[in-house]
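Encoded as structure tokens, the structure appears first; notes follow it.
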Amino acid sequence: MNESYLTDGGSGFRSWLLTRDHKRIAILYLISISVFFMFGGAAASMMRAELATPKADLVTSEVYNRLFTLHGVIMVWFFLIPSIVTVLGNFLLPLMIGAKDLAFPRLNLASWYIFVLGGLLALYAILLGGVDTGWTFYTPYSSTYSNSYVILMAVGIFIAGFSSIFTGLNFIVTTHKMRAPGLYWFRLPLFVWALYSTSVILVLATPVLAITLALVALERLMGVGVFDPKLGGDPLLFQHLFWFYSHPAVYIMILPGFGVISEIIPCFARKPIFGYHFIAFASIAIAVLGFVVWGHHMFVSSQSLYAGVVFSFLSFMVAVPSAIKVFNWTATLYKGRIELATPMLYALGFIGLFTIGGLTGLFLATLAVDVHLHDTYFVIAHFHYIMVGGMVMAYIGGMHFWWPKITGRMYPEIWGQLSALIIFTGFNLTFFPQFILGYMGMPRRYHAYPEQFQFLNVLSSAGASILGIGYLLPICYLSWSLIKGKRAPRNPWNATGLEWTLADSPPTVHNFDEIPVVDCEPYRYDLPEMASAKGDIT
Amino acid sequence: MNLGQLPLFPVSASDHATQVDYLFLALMAVSAGIVLLLTVLILFSVMRYHAGSAADRTPPRINTRKLEVTWTVLPLIIFTGIFAWGTSLFLDREKPGEAPMEVYVIGRQWMWEIRYPDGRHEHNRLHVALGQPVRLIMTSEDVIHSFFVPALRVKQDVVPGRYVTLSFTPNRCGEYPIYCAQYCGTAHAEMVGVLDVLAPVDYASWLSAGVAPDSLAAQGRALFAEKGCAGCHTPGAAVHAPRLEGLFGKQVALADGRFVTADAQYIHDCILLPHRNVPAGYDPIMPSYQGQLRETEVIALVEYVKSLRPPAADMRGPEVRRPDPEMKQKQPPAP
Amino acid sequence: MTEHESQQGCLDPVAEHLADPAQRLDIARLGVWLFLSTEVLFFGVLFLGFTLYRRSYPDEFVAASNHLNLWLGGFNTLVLLTSSLFVALAVLGADRGDRRGSTRYLAATLALGLVFLAIKAFEWHQEYQEHLVPGLNFALPGTDAGWAAHEQLFFCLYFIMTGVHAFHMIAGSGVLAWLILRGWRGHGPLSQTESIRIESTALYWHFVDIVWIFLLPLLYLTGFN
């Protein structure tokens, strides 16, 4: 058996911490973001435990405010934004385009170190006592009033932002310049299109966040009034700058998820994807339109009415490409040969949950309705449907799909399917009641609430415990599979794509002995030999 | 239709609230329809086209391009329709009813201070009369808060340094919660108030009960003298300063060429940020009162300026105010 | 300059993952331009903030700008433009593989860059002595609190913008110093890798120069007549 990237080149700490191999860096990221996910999840568990009762009986409001800030900051910047991009993207992009590594391998490693440094600073801020501004850092509360470690946290996020920028830069250059011969843009897997669109956003939006947080930190440090009205500053300027980044940021989170689904569905429906070009262009459209809708977070902020109207219209427009994708995936299933393997269960769950999340986005884009729903639990439910019901499901589904390739092991299928169902159930129980709570008027970021909201909150907290179990299971059996799982063949799912057809499981250090020459379209599941998803199981 | 009986909907206490509910239900219907359609299609495909099933899999003869265009254009049309409905409802909300009762609301960590023009003030409780249009003029003393009344389906962020307005007309008696909906610190969840909508009879008795303190305008007059405003802003003053009688609501020409309406925000800025709004023909010599006046005092001054009627000979409609040429020639009073 | 000419640097072997020297050059160029585009957005926020407040407080900003030393600012602009000339000449030298020539030009660039930084530090020191540093000792006697706060806003943005710019200059100077050291220690004609590094650094340096070209009128020439 060939030496794989896991063993070839050394197995001590040094060989891993000084690696330039994109695959090893992906594993480093996998470990880091999993750690951060635990922290973010722990905070969420405590929040839901507190919210099971109307009174503040588990934690004080001070602690609760720090918990929800921790949850938001860690989950957004240290889990969701990196996850698919830095784990699956790093691992798969060169493989999918027939390259031996990314364009700038050392920059890739530097990105990881920068990410970890930013994360450690954020964790240190939490350890010292945390931040209580919410992940949105609205001024003047964060710049003048908050009595917490805002500067330290802002610096941590600032630094981690550069990790995003460098990764995006690396991906764009790689995709443009290192494709194998014959791999024209419209022969690329849709996951690559998704990563490319995401990278454009990473590169253009993140600098704005960096400088905005730097301004908040400087305002705290120097006591000047960039955002403080008492000194002539404008608190709304902060909101515009913050959301100019943070809205595209949500597309950073979801676009890679779309890409994963576009890989899984054709494989387990055994059909070429329906509407390849439309899905590819939809990714680009989402990336572009995503930059001009930020004001929909500010409809009641006292921005001008007419700005509100424009942003509302554009927000409806940006929903169209996402709808196109959902219809295309559904059409792919029609007349396929569907197998409900674990990745497929996650993908189907994604379609359902993302659709609900996306549709509730329309509620929030509707001006008159948003005035009622803004800053209530409806918004929380909306974005969790997209980020957790969508993104995290796509991430876990993708991890299962490419697990054999990454680790060379198969996971126990029954446990995979069971966990998918538990997660789906727990998720809906946790977050659907929150839509109702929102319309009833329960505001966000409340540690204590009026009695009449209790029943739905209890349902939500109960769902959260089921969801927690659902997340623990894959961690357990995937870890187990590393030692006891069946060895994976080169292409267990009989999937198309250079990472399956040419590279071993797991791949060698250099991915390919010879750079492949591509001469066919992607997703050729219509070829006779591709009719079944049963690969060569040894 | 009042859906307040269902435990899943808040009470609706205004016409606007009911309209929002209709729009919300329409959105629900569209969403449910789409979700149902997709669920059926997916389940159908999964069951019928399961691997190994003997279903007919010859590719359908459809124009895929047309299909793509259809399911792009159709959502576009539906979305545009919803957008239009939502926008028109939103813009309607901004129009205050006839002769609204104006009430000032000041948000501060962590309570709502309500100030009525007649001088009363309450904490965390707002009394209004059934059917009476209300216009809230709101500001914050510290951080951003948000005044949220679920029963009315309205909220408005309350921002320090500026006045924002919220208009509504309650159509149902009762007590409705007011929440702060913009995270504002430790006791954000405790910044809860009550909107008390009273029948006209009860409202009248609430008005007449209790001691009537000085009206806001009277408080403003006292401040006007106490803080030295009268030193410049009266006829005969040594300093060339704009006259305030009849100013409120008029168009003002500023030194930098802009024209603005002298509303509450304008008066507020003139007092706290005078260099922002130097009127044409005047020097930028007014001192700023930033840090010397609380928002409640500024409101009183605004009400006072509002109450200043124009001099009898000057009862024209909105016009461009020009500096009084006679002012320049007045001699300072003998010391 | 065509791609062929610019590969005049002696073609040292490419890294494992790259196909050929042409690819190495290609990815370096695209990478640098992408990086500079992120910097445009980074600085863009500051320019936007400044422009918005300039519109809000025109008089205060004019008055504050008049405190700045236009002579020093102008002279610094000349210094920076000349340093850009030298770095461009360094690139031309690198394309010919001329180690000594390009290293000398890099040294000239670095020298002028350090002159710029020294003058900037001197300016800041002057401003410190005039009590114009927000957060440290800002005080404008004879003005009321509102006016002073708005002038302070100008200076806050001034120090942040010139500070971020100076940080970029320092980072660039560090890279130049490293390139000079390597250029000095190496032998024979410059390799393609070294040539690429010089070209990338030059692009970065030009960008930092262009940022200054925008900073100067915005900060120093506000209300100048």
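Convention: chains lettered A, B, ... in structure tokens order; per-chain residue numbering from 1; ligands numbered from 1 as shown.
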
Exercise for the section: Please provide as a list in words all residues within 7 Å of range 43-47 of chain B, with the sequence filter that same-chain residues fewer than 6 positions apart are discarded (counting only C-alpha atoms). Expected result: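 Once the nearby chain positions are removed, what remains is Leu333, Tyr334, Lys335 and Ile338 of chain A.
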
Practice task
Hey, list the chain C side of the contact with chain A: 9 Å cut-off, only C-alpha atoms, answer as an MDAnalysis selection string.
Solution key: chainID C and resid 16:19 23:24 26:28 30:31 34:35 37:46 49 53 57 134:136 145:146 148:150 152:153 156:157 160

Practice task
Can you pull out every residue within 7 Å of Leu166 in chain B, counting only C-alpha atoms, but drop anything in the same chain fewer than 4 positions away, and send it as a PyMOL selection string?
Solution key: chain B and resi 135-137+156

Within 12 Å of Tyr346 in chain A, counting only C-alpha atoms, which residues qualify if same-chain residues fewer than 3 places away don't, as a PDB file with N, CA and C atoms, in the first residue's frame?
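So the final result, stored in selection19.pdb, reads:
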ATOM      1  N   GLY A 257     -21.477  25.478   1.408  1.00  0.00           N
ATOM      2  CA  GLY A 257     -22.473  24.446   1.680  1.00  0.00           C
ATOM      3  C   GLY A 257     -23.234  24.068   0.424  1.00  0.00           C
ATOM      4  N   VAL A 260     -21.119  21.761  -1.593  1.00  0.00           N
ATOM      5  CA  VAL A 260     -21.093  20.374  -1.118  1.00  0.00           C
ATOM      6  C   VAL A 260     -22.345  19.631  -1.572  1.00  0.00           C
ATOM      7  N   ILE A 261     -23.492  20.285  -1.431  1.00  0.00           N
ATOM      8  CA  ILE A 261     -24.744  19.635  -1.832  1.00  0.00           C
ATOM      9  C   ILE A 261     -24.717  19.312  -3.325  1.00  0.00           C
ATOM     10  N   ILE A 264     -22.877  16.069  -3.670  1.00  0.00           N
ATOM     11  CA  ILE A 264     -23.473  14.866  -3.075  1.00  0.00           C
ATOM     12  C   ILE A 264     -24.687  14.392  -3.867  1.00  0.00           C
ATOM     13  N   ILE A 265     -25.539  15.336  -4.239  1.00  0.00           N
ATOM     14  CA  ILE A 265     -26.817  14.920  -4.859  1.00  0.00           C
ATOM     15  C   ILE A 265     -26.620  14.158  -6.173  1.00  0.00           C
ATOM     16  N   PHE A 268     -25.460  10.488  -5.365  1.00  0.00           N
ATOM     17  CA  PHE A 268     -26.389   9.508  -4.795  1.00  0.00           C
ATOM     18  C   PHE A 268     -27.727   9.500  -5.498  1.00  0.00           C
ATOM     19  N   LEU A 340     -30.176   6.331  -0.226  1.00  0.00           N
ATOM     20  CA  LEU A 340     -30.234   7.203   0.948  1.00  0.00           C
ATOM     21  C   LEU A 340     -29.039   6.968   1.867  1.00  0.00           C
ATOM     22  N   ALA A 341     -27.847   7.069   1.282  1.00  0.00           N
ATOM     23  CA  ALA A 341     -26.647   6.960   2.108  1.00  0.00           C
ATOM     24  C   ALA A 341     -26.561   8.174   3.012  1.00  0.00           C
ATOM     25  N   THR A 342     -25.700   8.082   4.025  1.00  0.00           N
ATOM     26  CA  THR A 342     -25.614   9.168   5.014  1.00  0.00           C
ATOM     27  C   THR A 342     -25.415  10.542   4.382  1.00  0.00           C
ATOM     28  N   PRO A 343     -24.445  10.723   3.476  1.00  0.00           N
ATOM     29  CA  PRO A 343     -24.299  12.066   2.905  1.00  0.00           C
ATOM     30  C   PRO A 343     -25.570  12.538   2.225  1.00  0.00           C
ATOM     31  N   GLY A 349     -31.792  16.764   3.885  1.00  0.00           N
ATOM     32  CA  GLY A 349     -32.143  17.578   5.042  1.00  0.00           C
ATOM     33  C   GLY A 349     -31.783  19.034   4.807  1.00  0.00           C
ATOM     34  N   PHE A 350     -30.628  19.233   4.196  1.00  0.00           N
ATOM     35  CA  PHE A 350     -30.197  20.593   3.864  1.00  0.00           C
ATOM     36  C   PHE A 350     -31.239  21.283   3.001  1.00  0.00           C
ATOM     37  N   ILE A 351     -31.674  20.594   1.946  1.00  0.00           N
ATOM     38  CA  ILE A 351     -32.617  21.237   1.031  1.00  0.00           C
ATOM     39  C   ILE A 351     -33.860  21.697   1.788  1.00  0.00           C
ATOM     40  N   GLY A 352     -34.375  20.801   2.626  1.00  0.00           N
ATOM     41  CA  GLY A 352     -35.581  21.166   3.367  1.00  0.00           C
ATOM     42  C   GLY A 352     -35.357  22.325   4.316  1.00  0.00           C
ATOM     43  N   LEU A 353     -34.323  22.211   5.134  1.00  0.00           N
ATOM     44  CA  LEU A 353     -34.106  23.222   6.166  1.00  0.00           C
ATOM     45  C   LEU A 353     -33.646  24.545   5.572  1.00  0.00           C
ATOM     46  N   PHE A 354     -32.782  24.479   4.548  1.00  0.00           N
ATOM     47  CA  PHE A 354     -32.345  25.718   3.927  1.00  0.00           C
ATOM     48  C   PHE A 354     -33.530  26.424   3.273  1.00  0.00           C
ATOM     49  N   VAL A 388     -27.297  26.481  10.705  1.00  0.00           N
ATOM     50  CA  VAL A 388     -27.180  25.170  11.339  1.00  0.00           C
ATOM     51  C   VAL A 388     -27.917  24.120  10.506  1.00  0.00           C
ATOM     52  N   GLY A 389     -29.164  24.439  10.166  1.00  0.00           N
ATOM     53  CA  GLY A 389     -29.914  23.506   9.335  1.00  0.00           C
ATOM     54  C   GLY A 389     -29.318  23.396   7.952  1.00  0.00           C
ATOM     55  N   GLY A 390     -28.713  24.468   7.491  1.00  0.00           N
ATOM     56  CA  GLY A 390     -28.078  24.438   6.179  1.00  0.00           C
ATOM     57  C   GLY A 390     -26.605  24.116   6.299  1.00  0.00           C
ATOM     58  N   MET A 391     -25.849  25.123   6.641  1.00  0.00           N
ATOM     59  CA  MET A 391     -24.394  25.024   6.633  1.00  0.00           C
ATOM     60  C   MET A 391     -23.841  23.831   7.389  1.00  0.00           C
ATOM     61  N   VAL A 392     -24.246  23.687   8.654  1.00  0.00           N
ATOM     62  CA  VAL A 392     -23.635  22.634   9.460  1.00  0.00           C
ATOM     63  C   VAL A 392     -24.011  21.254   8.913  1.00  0.00           C
ATOM     64  N   MET A 393     -25.246  21.120   8.443  1.00  0.00           N
ATOM     65  CA  MET A 393     -25.641  19.848   7.827  1.00  0.00           C
ATOM     66  C   MET A 393     -24.785  19.584   6.588  1.00  0.00           C
ATOM     67  N   ALA A 394     -24.554  20.633   5.801  1.00  0.00           N
ATOM     68  CA  ALA A 394     -23.723  20.451   4.606  1.00  0.00           C
ATOM     69  C   ALA A 394     -22.311  20.064   5.004  1.00  0.00           C
ATOM     70  N   TYR A 395     -21.820  20.687   6.036  1.00  0.00           N
ATOM     71  CA  TYR A 395     -20.465  20.391   6.506  1.00  0.00           C
ATOM     72  C   TYR A 395     -20.358  18.950   6.964  1.00  0.00           C
ATOM     73  N   ILE A 396     -21.285  18.534   7.802  1.00  0.00           N
ATOM     74  CA  ILE A 396     -21.233  17.163   8.303  1.00  0.00           C
ATOM     75  C   ILE A 396     -21.452  16.179   7.155  1.00  0.00           C
ATOM     76  N   GLY A 397     -22.391  16.517   6.279  1.00  0.00           N
ATOM     77  CA  GLY A 397     -22.622  15.652   5.118  1.00  0.00           C
ATOM     78  C   GLY A 397     -21.370  15.548   4.257  1.00  0.00           C
ATOM     79  N   GLY A 398     -20.721  16.687   4.039  1.00  0.00           N
ATOM     80  CA  GLY A 398     -19.497  16.680   3.252  1.00  0.00           C
ATOM     81  C   GLY A 398     -18.392  15.891   3.932  1.00  0.00           C
ATOM     82  N   MET A 399     -18.298  16.037   5.243  1.00  0.00           N
ATOM     83  CA  MET A 399     -17.287  15.274   5.974  1.00  0.00           C
ATOM     84  C   MET A 399     -17.518  13.779   5.797  1.00  0.00           C
ATOM     85  N   HIS A 400     -18.776  13.367   5.842  1.00  0.00           N
ATOM     86  CA  HIS A 400     -19.063  11.950   5.643  1.00  0.00           C
ATOM     87  C   HIS A 400     -18.761  11.545   4.210  1.00  0.00           C
ATOM     88  N   PHE A 401     -19.119  12.379   3.255  1.00  0.00           N
ATOM     89  CA  PHE A 401     -18.912  12.033   1.848  1.00  0.00           C
ATOM     90  C   PHE A 401     -17.437  11.840   1.542  1.00  0.00           C
ATOM     91  N   GLY A 416     -24.252   6.568  10.908  1.00  0.00           N
ATOM     92  CA  GLY A 416     -24.335   7.794  10.113  1.00  0.00           C
ATOM     93  C   GLY A 416     -25.772   8.186   9.835  1.00  0.00           C
ATOM     94  N   GLN A 417     -26.550   7.215   9.368  1.00  0.00           N
ATOM     95  CA  GLN A 417     -27.940   7.512   9.031  1.00  0.00           C
ATOM     96  C   GLN A 417     -28.732   7.899  10.282  1.00  0.00           C
ATOM     97  N   LEU A 418     -28.466   7.172  11.375  1.00  0.00           N
ATOM     98  CA  LEU A 418     -29.185   7.452  12.619  1.00  0.00           C
ATOM     99  C   LEU A 418     -28.895   8.869  13.103  1.00  0.00           C
ATOM    100  N   SER A 419     -27.619   9.235  13.074  1.00  0.00           N
ATOM    101  CA  SER A 419     -27.260  10.580  13.552  1.00  0.00           C
ATOM    102  C   SER A 419     -27.912  11.653  12.698  1.00  0.00           C
ATOM    103  N   ALA A 420     -27.955  11.422  11.392  1.00  0.00           N
ATOM    104  CA  ALA A 420     -28.569  12.420  10.512  1.00  0.00           C
ATOM    105  C   ALA A 420     -30.014  12.655  10.919  1.00  0.00           C
ATOM    106  N   LEU A 421     -30.711  11.566  11.208  1.00  0.00           N
ATOM    107  CA  LEU A 421     -32.126  11.701  11.581  1.00  0.00           C
ATOM    108  C   LEU A 421     -32.277  12.382  12.942  1.00  0.00           C
ATOM    109  N   ILE A 422     -31.385  12.027  13.878  1.00  0.00           N
ATOM    110  CA  ILE A 422     -31.463  12.661  15.201  1.00  0.00           C
ATOM    111  C   ILE A 422     -31.190  14.158  15.088  1.00  0.00           C
ATOM    112  N   ILE A 423     -30.190  14.504  14.295  1.00  0.00           N
ATOM    113  CA  ILE A 423     -29.873  15.922  14.133  1.00  0.00           C
ATOM    114  C   ILE A 423     -31.040  16.663  13.500  1.00  0.00           C
ATOM    115  N   PHE A 424     -31.618  16.072  12.478  1.00  0.00           N
ATOM    116  CA  PHE A 424     -32.731  16.724  11.788  1.00  0.00           C
ATOM    117  C   PHE A 424     -33.892  16.963  12.750  1.00  0.00           C
TER     118      PHE A 424
END

Practice task
Extract, using only C-alpha atoms, all DNA, RNA and protein residues at most 8 Å from Val211 in chain C, discarding same-chain residues fewer than 3 positions from it, and format them as a list in words.
Solution key: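 Contacts, with the query itself left out: Phe43, His165, Phe207, Val208, Phe214 and Leu215 of chain C.
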
Next, write the just-selected residues to a file, as a PDB file, in the first residue's frame, keeping N, CA and C atoms as the atom set.
ATOM      1  N   PHE C  43      -8.207  50.464   3.231  1.00  0.00           N
ATOM      2  CA  PHE C  43      -8.072  51.917   3.332  1.00  0.00           C
ATOM      3  C   PHE C  43      -9.368  52.613   2.969  1.00  0.00           C
ATOM      4  N   HIS C 165      -0.998  53.977   7.310  1.00  0.00           N
ATOM      5  CA  HIS C 165      -0.104  54.141   6.158  1.00  0.00           C
ATOM      6  C   HIS C 165       1.342  53.916   6.567  1.00  0.00           C
ATOM      7  N   PHE C 207       1.678  50.915  -4.458  1.00  0.00           N
ATOM      8  CA  PHE C 207       0.337  51.038  -3.888  1.00  0.00           C
ATOM      9  C   PHE C 207       0.350  51.936  -2.657  1.00  0.00           C
ATOM     10  N   VAL C 208       1.312  51.703  -1.782  1.00  0.00           N
ATOM     11  CA  VAL C 208       1.403  52.513  -0.567  1.00  0.00           C
ATOM     12  C   VAL C 208       1.630  53.969  -0.952  1.00  0.00           C
ATOM     13  N   PHE C 214      -3.458  60.062  -2.201  1.00  0.00           N
ATOM     14  CA  PHE C 214      -4.829  60.401  -1.846  1.00  0.00           C
ATOM     15  C   PHE C 214      -4.917  61.010  -0.450  1.00  0.00           C
ATOM     16  N   LEU C 215      -4.056  60.526   0.444  1.00  0.00           N
ATOM     17  CA  LEU C 215      -4.107  61.043   1.806  1.00  0.00           C
ATOM     18  C   LEU C 215      -3.734  62.532   1.859  1.00  0.00           C
TER      19      LEU C 215
END

Select from chain B every residue with an atom at most 6 Å from any atom of chain A, then for each give the shortest pair of atoms and their distance in Å to one decimal, using only C-alpha atoms, rows by chain and rising number, as a tab-separated table.
residue	atom	partner	partner_atom	distance
B:Phe9	CA	A:Met440	CA	5.5
B:Pro10	CA	A:Met440	CA	4.9
B:Ser45	CA	A:Tyr334	CA	5.3
B:Tyr49	CA	A:Arg337	CA	5.5
B:His50	CA	A:Ile338	CA	4.5
B:Ala51	CA	A:Arg337	CA	4.1
B:Arg57	CA	A:Lys335	CA	5.2
B:Phe83	CA	A:Thr366	CA	5.8
B:Gly86	CA	A:Ala368	CA	5.1
B:Thr87	CA	A:Leu367	CA	5.7
B:Leu89	CA	A:Ala368	CA	5.7
B:Phe90	CA	A:Ala368	CA	4.4
B:Val143	CA	A:Tyr141	CA	5.4
B:Pro150	CA	A:Gly441	CA	5.1
B:Arg153	CA	A:His372	CA	4.6
B:Val154	CA	A:His372	CA	5.1
B:Lys155	CA	A:Val371	CA	5.9
B:Gln156	CA	A:Val300	CA	5.3
B:Asp157	CA	A:Ser301	CA	5.1
B:Gly161	CA	A:Pro229	CA	5.4
B:Ala181	CA	A:Pro443	CA	5.5
B:Thr186	CA	A:Glu62	CA	5.6
B:Ala189	CA	A:Tyr446	CA	4.8

Taking N, CA and C atoms for each residue, export the selection above as an mmCIF file, in the first residue's frame.
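And here's result-v3.cif as it stands now:
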data_model
loop_
_atom_site.group_PDB
_atom_site.id
_atom_site.type_symbol
_atom_site.label_atom_id
_atom_site.label_comp_id
_atom_site.auth_asym_id
_atom_site.auth_seq_id
_atom_site.Cartn_x
_atom_site.Cartn_y
_atom_site.Cartn_z
ATOM 1 N N PHE B 9 -50.351 33.819 18.334
ATOM 2 C CA PHE B 9 -50.295 35.149 17.744
ATOM 3 C C PHE B 9 -50.433 36.173 18.843
ATOM 4 N N PRO B 10 -49.715 37.279 18.766
ATOM 5 C CA PRO B 10 -49.960 38.310 19.770
ATOM 6 C C PRO B 10 -51.277 39.013 19.434
ATOM 7 N N SER B 45 -39.718 11.583 -5.648
ATOM 8 C CA SER B 45 -38.527 11.092 -6.348
ATOM 9 C C SER B 45 -37.815 10.016 -5.544
ATOM 10 N N TYR B 49 -38.070 6.710 -7.434
ATOM 11 C CA TYR B 49 -36.826 6.503 -8.168
ATOM 12 C C TYR B 49 -35.709 6.010 -7.269
ATOM 13 N N HIS B 50 -36.095 5.260 -6.260
ATOM 14 C CA HIS B 50 -35.110 4.619 -5.395
ATOM 15 C C HIS B 50 -34.233 3.695 -6.239
ATOM 16 N N ALA B 51 -32.953 3.600 -5.881
ATOM 17 C CA ALA B 51 -32.046 2.736 -6.641
ATOM 18 C C ALA B 51 -32.594 1.328 -6.679
ATOM 19 N N ARG B 57 -37.196 5.436 -16.503
ATOM 20 C CA ARG B 57 -36.251 6.526 -16.331
ATOM 21 C C ARG B 57 -35.830 7.184 -17.632
ATOM 22 N N PHE B 83 -42.790 42.248 -2.122
ATOM 23 C CA PHE B 83 -42.016 43.452 -1.844
ATOM 24 C C PHE B 83 -42.910 44.683 -1.917
ATOM 25 N N GLY B 86 -45.330 44.862 1.020
ATOM 26 C CA GLY B 86 -44.629 45.199 2.258
ATOM 27 C C GLY B 86 -44.179 46.650 2.279
ATOM 28 N N THR B 87 -43.718 47.130 1.127
ATOM 29 C CA THR B 87 -43.238 48.504 1.074
ATOM 30 C C THR B 87 -44.373 49.489 1.288
ATOM 31 N N LEU B 89 -47.158 49.065 2.845
ATOM 32 C CA LEU B 89 -47.591 49.025 4.245
ATOM 33 C C LEU B 89 -46.587 49.755 5.136
ATOM 34 N N PHE B 90 -45.325 49.569 4.807
ATOM 35 C CA PHE B 90 -44.252 50.201 5.581
ATOM 36 C C PHE B 90 -44.333 51.719 5.469
ATOM 37 N N VAL B 143 -27.018 54.521 25.012
ATOM 38 C CA VAL B 143 -26.724 53.601 23.904
ATOM 39 C C VAL B 143 -27.978 53.452 23.048
ATOM 40 N N PRO B 150 -45.141 44.652 20.459
ATOM 41 C CA PRO B 150 -45.601 43.573 19.580
ATOM 42 C C PRO B 150 -47.066 43.713 19.178
ATOM 43 N N ARG B 153 -47.254 45.745 16.284
ATOM 44 C CA ARG B 153 -46.363 45.283 15.222
ATOM 45 C C ARG B 153 -45.418 46.388 14.773
ATOM 46 N N VAL B 154 -44.978 47.203 15.673
ATOM 47 C CA VAL B 154 -44.025 48.250 15.311
ATOM 48 C C VAL B 154 -42.872 48.277 16.294
ATOM 49 N N LYS B 155 -41.742 48.682 15.778
ATOM 50 C CA LYS B 155 -40.628 49.006 16.651
ATOM 51 C C LYS B 155 -39.784 50.082 15.979
ATOM 52 N N GLN B 156 -39.020 50.770 16.776
ATOM 53 C CA GLN B 156 -38.138 51.786 16.228
ATOM 54 C C GLN B 156 -36.901 51.869 17.108
ATOM 55 N N ASP B 157 -35.739 51.774 16.472
ATOM 56 C CA ASP B 157 -34.497 51.929 17.231
ATOM 57 C C ASP B 157 -34.420 53.348 17.755
ATOM 58 N N GLY B 161 -28.399 61.060 20.247
ATOM 59 C CA GLY B 161 -27.985 62.135 19.360
ATOM 60 C C GLY B 161 -28.969 62.444 18.257
ATOM 61 N N ALA B 181 -35.872 46.227 22.246
ATOM 62 C CA ALA B 181 -35.486 45.176 21.307
ATOM 63 C C ALA B 181 -34.076 45.344 20.747
ATOM 64 N N THR B 186 -26.517 45.201 30.528
ATOM 65 C CA THR B 186 -26.870 44.233 31.563
ATOM 66 C C THR B 186 -28.361 43.971 31.700
ATOM 67 N N ALA B 189 -33.031 42.939 29.286
ATOM 68 C CA ALA B 189 -34.265 42.152 29.351
ATOM 69 C C ALA B 189 -35.244 42.699 30.375
#

Problem - d(CA of Lys405 in chain A, CA of Arg179 in chain A) in Å - result: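 A separation of 20.4 Å between them.
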
Residues of chain B near chain C: apply a cut-off of 10 Å, count only C-alpha atoms, and supply the list as a PDB file with C-alpha atoms, in the first residue's frame.
ATOM      1  CA  ASP B 256     -23.529  76.384   3.691  1.00  0.00           C
ATOM      2  CA  LEU B 272     -25.976  70.648  21.164  1.00  0.00           C
ATOM      3  CA  LEU B 273     -24.116  70.892  17.846  1.00  0.00           C
ATOM      4  CA  PRO B 274     -24.592  74.513  16.780  1.00  0.00           C
ATOM      5  CA  HIS B 275     -21.799  74.478  14.246  1.00  0.00           C
ATOM      6  CA  ARG B 276     -23.710  71.963  12.194  1.00  0.00           C
ATOM      7  CA  ASN B 277     -26.596  74.301  11.444  1.00  0.00           C
ATOM      8  CA  PRO B 284     -20.976  80.588  14.070  1.00  0.00           C
ATOM      9  CA  ILE B 285     -20.667  81.961  17.564  1.00  0.00           C
ATOM     10  CA  MET B 286     -23.284  80.017  19.469  1.00  0.00           C
ATOM     11  CA  PRO B 287     -21.689  77.897  22.171  1.00  0.00           C
ATOM     12  CA  SER B 288     -22.527  74.223  22.368  1.00  0.00           C
ATOM     13  CA  TYR B 289     -24.476  72.933  25.332  1.00  0.00           C
ATOM     14  CA  GLN B 290     -23.235  69.393  24.851  1.00  0.00           C
ATOM     15  CA  GLY B 291     -22.796  67.818  28.249  1.00  0.00           C
TER      16      GLY B 291
END

Exercise for the section: Could you tell me which of C:Ile170, C:Leu140, C:Leu190, C:Ala108 comes closest to Ala63 in chain C if we count only C-alpha atoms? Expected result: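 Of C:Ile170, C:Leu140, C:Leu190, C:Ala108, the one nearest Ala63 in chain C, counting only C-alpha atoms, is C:Leu140.
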
Problem - Shell of 8 Å around range 114-129 of chain B, only C-alpha atoms, local chain residues under 3 positions omitted, as an MDAnalysis selection string - result: chainID B and resid 102:106 111 132 134 170 191:200 203 212:217 219 303

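Between CA of Leu179 in chain C and CA of Gly97 in chain C lies a distance of 14.3 Å.
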
Practice task
Can you work out the spacing between CA of Met169 in chain C and CA of Ser191 in chain C in Å, to one decimal?
Solution key: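 So the answer is 25.8 Å.
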
Problem - Residue neighbourhood Thr193 in chain C, 10 Å, only C-alpha atoms, exclusion window fewer than 3 positions, as a VMD selection string - result: chain C and resid 7 9 to 14 21 24 to 25 28 190 196 to 199
